[in-house]
Amino acid sequence: MTDDPAARIAELIEPLRVPPGTRVDVGRDFDPRYRAGLRKRDAEKMLDTGVALLAEYQQRLAAQDTYGVLLCLQALDAGGKDSTIRHVMSGVNPQGVRVSSFKVPSDEELDHDYLWRYAQRLPARGEIAIFNRSHYEEVLVVRVHPENLVRQRLPAEARGPDVWERRYREINEWERHLTDGGFRVVKVFLNLSKEEQRVRFLRRIDLPEKNWKFSAADVRERRHWDEYQRAFSAMLSATSTPWAPWYVVPADHKWFARICTAAVLAHTLIEIGPRYPEVSEEARRDLLAARRELEREAPPGAPADPYAARHAGPGDRRAAESPGGA
Ligand code: ATP
Ligand code: MG
């Protein structure tokens, strides 16, 4: 393995990317227990490194104020969306991140076009937005339970058998539009095995402090496991595009899912390569004038510029001198 963090990140996530234009079958092509030969004890340090890198890039993204990033997270219940977001975003400035969770749509939301509520939660320039569930529910839960489509009250000509193929195309085009305007879209599917979901549900039932996380509806949804797997496979095959790829992140090991999700986001930010804005000559002159004014206000005995004094190299006397000193 290489020492270059960007290359390591690219190498880690490459096998997880759904190649655009290929037909995948989640159950056959992706192993929820895969962990790239890593062990849990490697994980903490790797995640710390990833989190620090994300924090640095997020600052630059915000300062540059030109690009935005949308990370969509999809998973079945107990897939670990919440805890992944908590860990991956633990180092970043909360002012630059916006997390939105999408639940059963409200009456107002159902009265609009199906992409309406997601469009309202898109990132601004300089921001990272995370969708905890996303517009992909519109081709997942809505497909598995078609009564949801009925509630959307589409006109007859818009709810024919081609509705899913049409939605895939519309979503791809929407994401293309966003990407062209500087908003990068990246998508993570946390791929949990059926057995690990069973174990996590039981844990939520057995531990009183986890009971609130459990809902009987989760077990009802589990009965549709195979239909969901088919809907995931069709969605991944149709909507992993060169501009907005899907990554299937193995989710049976939570620590590995966190590292991979952080890596997918970091990879996107590295590709954008945001930079701090360059200061113009004029702004630079203003800075220097402001510095002189502040230096003149130094109380007797204090260094003119305490910050520069503390960080000055041995040959750099100017910073440590009192006002009027030389
Ligand atoms: P958690 O259970 O960890 O709190 P969650 O995302 O599962 O998080 P819930 O309130 O349990 O939140 O469930 C949200 C439900 O809303 C999910 O079952 C999801 O499938 C459903 N949902 C999301 N989007 C839509 C949609 N567009 N149409 C219908 N149902 C949707
Ligand atoms: Mg839930």
# chains A, B, ... in the order shown; residues from 1 in each chain; ligands from 1
>>> residues_around(residues="Arg125 (chain A)", least_positions_apart="2", cutoff="6 Å", atoms="only C-alpha atoms", output="list in words")
Asp65, Thr66, Tyr67, Gly68 and Glu127 of chain A
>>> residues_near_ligand(ligand="ligand 2", cutoff="8 Å", atoms="only C-alpha atoms and all ligand atoms", output="PDB file with all heavy atoms, in the first residue's frame")
ATOM      1  N   ASP A  77     -33.243  -0.822   7.628  1.00  0.00           N
ATOM      2  CA  ASP A  77     -33.226  -0.530   9.057  1.00  0.00           C
ATOM      3  C   ASP A  77     -32.083  -1.275   9.733  1.00  0.00           C
ATOM      4  O   ASP A  77     -31.780  -2.420   9.380  1.00  0.00           O
ATOM      5  CB  ASP A  77     -34.562  -0.946   9.685  1.00  0.00           C
ATOM      6  CG  ASP A  77     -35.691  -0.018   9.261  1.00  0.00           C
ATOM      7  OD1 ASP A  77     -35.586   1.193   9.526  1.00  0.00           O
ATOM      8  OD2 ASP A  77     -36.647  -0.504   8.635  1.00  0.00           O
ATOM      9  N   ALA A  78     -31.461  -0.591  10.685  1.00  0.00           N
ATOM     10  CA  ALA A  78     -30.314  -1.115  11.437  1.00  0.00           C
ATOM     11  C   ALA A  78     -29.054  -1.223  10.578  1.00  0.00           C
ATOM     12  O   ALA A  78     -28.069  -1.834  10.981  1.00  0.00           O
ATOM     13  CB  ALA A  78     -30.633  -2.474  12.099  1.00  0.00           C
ATOM     14  N   LYS A 213     -34.971   2.565  19.717  1.00  0.00           N
ATOM     15  CA  LYS A 213     -34.535   2.458  18.316  1.00  0.00           C
ATOM     16  C   LYS A 213     -35.337   1.409  17.558  1.00  0.00           C
ATOM     17  O   LYS A 213     -35.256   1.315  16.343  1.00  0.00           O
ATOM     18  CB  LYS A 213     -33.040   2.075  18.262  1.00  0.00           C
ATOM     19  CG  LYS A 213     -32.119   3.245  18.419  1.00  0.00           C
ATOM     20  CD  LYS A 213     -31.079   3.255  17.331  1.00  0.00           C
ATOM     21  CE  LYS A 213     -31.104   4.498  16.536  1.00  0.00           C
ATOM     22  NZ  LYS A 213     -30.521   4.546  15.266  1.00  0.00           N
ATOM     23  N   PHE A 214     -36.051   0.581  18.313  1.00  0.00           N
ATOM     24  CA  PHE A 214     -36.724  -0.534  17.655  1.00  0.00           C
ATOM     25  C   PHE A 214     -38.190  -0.221  17.421  1.00  0.00           C
ATOM     26  O   PHE A 214     -38.861   0.361  18.267  1.00  0.00           O
ATOM     27  CB  PHE A 214     -36.614  -1.804  18.504  1.00  0.00           C
ATOM     28  CG  PHE A 214     -37.221  -2.980  17.821  1.00  0.00           C
ATOM     29  CD1 PHE A 214     -36.533  -3.635  16.812  1.00  0.00           C
ATOM     30  CD2 PHE A 214     -38.499  -3.404  18.144  1.00  0.00           C
ATOM     31  CE1 PHE A 214     -37.113  -4.692  16.134  1.00  0.00           C
ATOM     32  CE2 PHE A 214     -39.079  -4.469  17.474  1.00  0.00           C
ATOM     33  CZ  PHE A 214     -38.380  -5.117  16.467  1.00  0.00           C
ATOM     34  N   SER A 215     -38.674  -0.615  16.259  1.00  0.00           N
ATOM     35  CA  SER A 215     -40.096  -0.464  16.008  1.00  0.00           C
ATOM     36  C   SER A 215     -40.587  -1.758  15.369  1.00  0.00           C
ATOM     37  O   SER A 215     -39.886  -2.379  14.561  1.00  0.00           O
ATOM     38  CB  SER A 215     -40.301   0.752  15.105  1.00  0.00           C
ATOM     39  OG  SER A 215     -41.136   0.419  14.027  1.00  0.00           O
ATOM     40  N   ALA A 217     -42.550  -2.087  13.189  1.00  0.00           N
ATOM     41  CA  ALA A 217     -42.615  -1.917  11.728  1.00  0.00           C
ATOM     42  C   ALA A 217     -41.326  -2.406  11.074  1.00  0.00           C
ATOM     43  O   ALA A 217     -41.339  -2.852   9.927  1.00  0.00           O
ATOM     44  CB  ALA A 217     -42.853  -0.448  11.391  1.00  0.00           C
ATOM     45  N   ASP A 218     -40.196  -2.311  11.806  1.00  0.00           N
ATOM     46  CA  ASP A 218     -38.923  -2.750  11.230  1.00  0.00           C
ATOM     47  C   ASP A 218     -38.966  -4.243  10.889  1.00  0.00           C
ATOM     48  O   ASP A 218     -38.435  -4.674   9.865  1.00  0.00           O
ATOM     49  CB  ASP A 218     -37.768  -2.483  12.211  1.00  0.00           C
ATOM     50  CG  ASP A 218     -37.535  -0.979  12.408  1.00  0.00           C
ATOM     51  OD1 ASP A 218     -38.152  -0.176  11.673  1.00  0.00           O
ATOM     52  OD2 ASP A 218     -36.753  -0.622  13.305  1.00  0.00           O
TER      53      ASP A 218
END
>>> select_by_dssp(residues="region 101-234 of chain A", states="strand (DSSP E)", output="MDAnalysis selection string")
chainID A and resid 101 128:132 183:191
>>> closest_atom_pairs(of="chain A", to="ligand 1", cutoff="6 Å", atoms="only C-alpha atoms and all ligand atoms", output="JSON lines")
{"residue": "A:Asp77", "atom": "CA", "partner": "ligand 1", "partner_atom_place_in_ligand_line": "7 (O)", "distance": 5.4}
{"residue": "A:Phe102", "atom": "CA", "partner": "ligand 1", "partner_atom_place_in_ligand_line": "23 (C)", "distance": 5.3}
{"residue": "A:Lys103", "atom": "CA", "partner": "ligand 1", "partner_atom_place_in_ligand_line": "16 (O)", "distance": 3.6}
{"residue": "A:Val104", "atom": "CA", "partner": "ligand 1", "partner_atom_place_in_ligand_line": "31 (C)", "distance": 3.9}
{"residue": "A:Pro105", "atom": "CA", "partner": "ligand 1", "partner_atom_place_in_ligand_line": "26 (C)", "distance": 5.5}
{"residue": "A:Glu137", "atom": "CA", "partner": "ligand 1", "partner_atom_place_in_ligand_line": "24 (N)", "distance": 4.9}
{"residue": "A:Glu138", "atom": "CA", "partner": "ligand 1", "partner_atom_place_in_ligand_line": "27 (N)", "distance": 5.0}
{"residue": "A:Val141", "atom": "CA", "partner": "ligand 1", "partner_atom_place_in_ligand_line": "20 (O)", "distance": 5.1}
{"residue": "A:Val142", "atom": "CA", "partner": "ligand 1", "partner_atom_place_in_ligand_line": "28 (N)", "distance": 5.5}
{"residue": "A:Asn148", "atom": "CA", "partner": "ligand 1", "partner_atom_place_in_ligand_line": "29 (C)", "distance": 5.7}
>>> write_last_selection(atoms="C-alpha atoms", output="PDB file, in the first residue's frame")
ATOM      1  CA  ASP A  77     -33.226  -0.530   9.057  1.00  0.00           C
ATOM      2  CA  PHE A 102     -36.377  11.735   5.059  1.00  0.00           C
ATOM      3  CA  LYS A 103     -39.303   9.841   6.538  1.00  0.00           C
ATOM      4  CA  VAL A 104     -42.802   9.043   5.332  1.00  0.00           C
ATOM      5  CA  PRO A 105     -43.795  12.115   3.305  1.00  0.00           C
ATOM      6  CA  GLU A 137     -36.624   6.052  -1.386  1.00  0.00           C
ATOM      7  CA  GLU A 138     -38.772   7.028  -4.358  1.00  0.00           C
ATOM      8  CA  VAL A 141     -39.865   1.826  -0.484  1.00  0.00           C
ATOM      9  CA  VAL A 142     -42.269   3.305  -3.042  1.00  0.00           C
ATOM     10  CA  ASN A 148     -47.047   4.828  -1.714  1.00  0.00           C
TER      11      ASN A 148
END
>>> residues_around(residues="Val248 (chain A)", least_positions_apart="6", cutoff="7 Å", atoms="only C-alpha atoms", output="PDB file with C-alpha atoms, in the first residue's frame")
ATOM      1  CA  LEU A  16     -16.982  -0.726  -3.714  1.00  0.00           C
ATOM      2  CA  ARG A  17     -17.894   1.457  -6.672  1.00  0.00           C
ATOM      3  CA  VAL A 188     -23.437   5.222  -0.374  1.00  0.00           C
ATOM      4  CA  PHE A 189     -25.506   2.112   0.104  1.00  0.00           C
ATOM      5  CA  LEU A 190     -24.751   0.473   3.457  1.00  0.00           C
ATOM      6  CA  ASN A 191     -25.033  -3.181   2.580  1.00  0.00           C
TER       7      ASN A 191
END
>>> residues_around(residues="Val185 (chain A)", least_positions_apart="6", cutoff="12 Å", atoms="only C-alpha atoms", output="VMD selection string")
chain A and resid 67 to 73 122 to 123 128 to 131 134 171 to 179 239 to 247 264 to 265 267 to 269 272
>>> write_last_selection(atoms="C-alpha atoms", output="PDB file, in the first residue's frame")
ATOM      1  CA  TYR A  67     -18.624  23.809  -4.899  1.00  0.00           C
ATOM      2  CA  GLY A  68     -21.067  21.888  -2.742  1.00  0.00           C
ATOM      3  CA  VAL A  69     -21.264  18.178  -1.935  1.00  0.00           C
ATOM      4  CA  LEU A  70     -24.290  15.959  -1.473  1.00  0.00           C
ATOM      5  CA  LEU A  71     -23.785  12.583   0.182  1.00  0.00           C
ATOM      6  CA  CYS A  72     -26.805  10.275  -0.019  1.00  0.00           C
ATOM      7  CA  LEU A  73     -26.962   7.418   2.459  1.00  0.00           C
ATOM      8  CA  LEU A 122     -29.675  20.455  -1.231  1.00  0.00           C
ATOM      9  CA  PRO A 123     -26.339  21.902  -0.115  1.00  0.00           C
ATOM     10  CA  ILE A 128     -21.704  19.382   2.605  1.00  0.00           C
ATOM     11  CA  ALA A 129     -25.253  18.046   2.780  1.00  0.00           C
ATOM     12  CA  ILE A 130     -26.007  14.549   3.955  1.00  0.00           C
ATOM     13  CA  PHE A 131     -29.245  12.845   3.105  1.00  0.00           C
ATOM     14  CA  SER A 134     -32.828  10.281   0.098  1.00  0.00           C
ATOM     15  CA  ILE A 171     -32.914  11.180 -11.052  1.00  0.00           C
ATOM     16  CA  ASN A 172     -29.815  10.715 -13.218  1.00  0.00           C
ATOM     17  CA  GLU A 173     -30.620  13.876 -15.124  1.00  0.00           C
ATOM     18  CA  TRP A 174     -31.283  15.838 -11.955  1.00  0.00           C
ATOM     19  CA  GLU A 175     -27.953  14.726 -10.515  1.00  0.00           C
ATOM     20  CA  ARG A 176     -26.252  15.581 -13.787  1.00  0.00           C
ATOM     21  CA  HIS A 177     -27.725  19.052 -13.630  1.00  0.00           C
ATOM     22  CA  LEU A 178     -26.480  19.499 -10.065  1.00  0.00           C
ATOM     23  CA  THR A 179     -23.017  18.209 -10.916  1.00  0.00           C
ATOM     24  CA  THR A 239     -28.316   5.093 -11.329  1.00  0.00           C
ATOM     25  CA  SER A 240     -24.583   4.624 -10.826  1.00  0.00           C
ATOM     26  CA  THR A 241     -23.339   7.206 -13.304  1.00  0.00           C
ATOM     27  CA  PRO A 242     -19.928   8.633 -14.156  1.00  0.00           C
ATOM     28  CA  TRP A 243     -20.990  11.909 -12.526  1.00  0.00           C
ATOM     29  CA  ALA A 244     -22.719  10.437  -9.466  1.00  0.00           C
ATOM     30  CA  PRO A 245     -21.490   6.912  -8.704  1.00  0.00           C
ATOM     31  CA  TRP A 246     -22.868   4.510  -6.148  1.00  0.00           C
ATOM     32  CA  TYR A 247     -20.610   2.841  -3.600  1.00  0.00           C
ATOM     33  CA  VAL A 264     -15.942   8.011  -0.210  1.00  0.00           C
ATOM     34  CA  LEU A 265     -16.585  11.541   1.034  1.00  0.00           C
ATOM     35  CA  HIS A 267     -12.309  11.036  -2.228  1.00  0.00           C
ATOM     36  CA  THR A 268     -15.007  13.370  -3.552  1.00  0.00           C
ATOM     37  CA  LEU A 269     -13.505  16.351  -1.740  1.00  0.00           C
ATOM     38  CA  ILE A 272     -12.877  18.804  -6.107  1.00  0.00           C
TER      39      ILE A 272
END
>>> select_by_dssp(residues="region 42-237 of chain A", states="alpha helix (DSSP H)", output="number ranges by chain")
A: 42-64, 81-88, 107-110, 116-119, 141-144, 147-151, 163-180, 194-206, 216-222, 225-237
>>> residues_around(residues="Ala266 (chain A)", least_positions_apart="4", cutoff="10 Å", atoms="only C-alpha atoms", output="list of chain:residue names")
A:Pro5, A:Ala6, A:Ile9, A:Ala10, A:Gly50, A:Val51, A:Leu53, A:Leu54, A:Ala55, A:Tyr57, A:Gln58, A:Cys260, A:Thr261, A:Ala262, A:Ile270, A:Glu271, A:Ile272
>>> closest_residue(among="A:Ala283, A:Pro15, A:Pro306, A:Met89", to="Asp48 (chain A)", atoms="only C-alpha atoms")
A:Met89
>>> atom_distance(atom1="CA of Val97 (chain A)", atom2="CA of Ala257 (chain A)")
20.0 Å
>>> residues_around(residues="region 35-44 of chain A", least_positions_apart="4", cutoff="9 Å", atoms="only C-alpha atoms", output="PDB file with C-alpha atoms, in the first residue's frame")
ATOM      1  CA  LEU A  12      -9.897   1.338  -0.602  1.00  0.00           C
ATOM      2  CA  ASP A  48      -9.121   9.547  12.905  1.00  0.00           C
ATOM      3  CA  THR A  49      -6.947  10.276   9.877  1.00  0.00           C
ATOM      4  CA  PRO A 250     -20.124  -3.466   3.402  1.00  0.00           C
ATOM      5  CA  HIS A 253     -18.691  -4.454  10.470  1.00  0.00           C
ATOM      6  CA  TRP A 255     -16.116   0.169  11.977  1.00  0.00           C
ATOM      7  CA  PHE A 256     -15.410  -0.757   8.360  1.00  0.00           C
ATOM      8  CA  ALA A 257     -18.566   0.955   7.106  1.00  0.00           C
ATOM      9  CA  ARG A 258     -17.447   4.155   8.828  1.00  0.00           C
ATOM     10  CA  ILE A 259     -13.973   4.091   7.318  1.00  0.00           C
TER      11      ILE A 259
END
>>> closest_residue(among="A:Asp305, A:Asp31, A:Asp226, A:Asp252", to="Arg292 (chain A)", atoms="only C-alpha atoms")
A:Asp305
>>> closest_residue(among="A:Pro20, A:Glu56, A:Pro300, A:Glu11", to="Gly273 (chain A)", atoms="only C-alpha atoms")
A:Glu56
>>> atom_distance(atom1="CA of Leu202 (chain A)", atom2="CA of Val26 (chain A)")
24.2 Å
>>> atom_distance(atom1="CA of Ala216 (chain A)", atom2="CA of Lys194 (chain A)")
16.5 Å
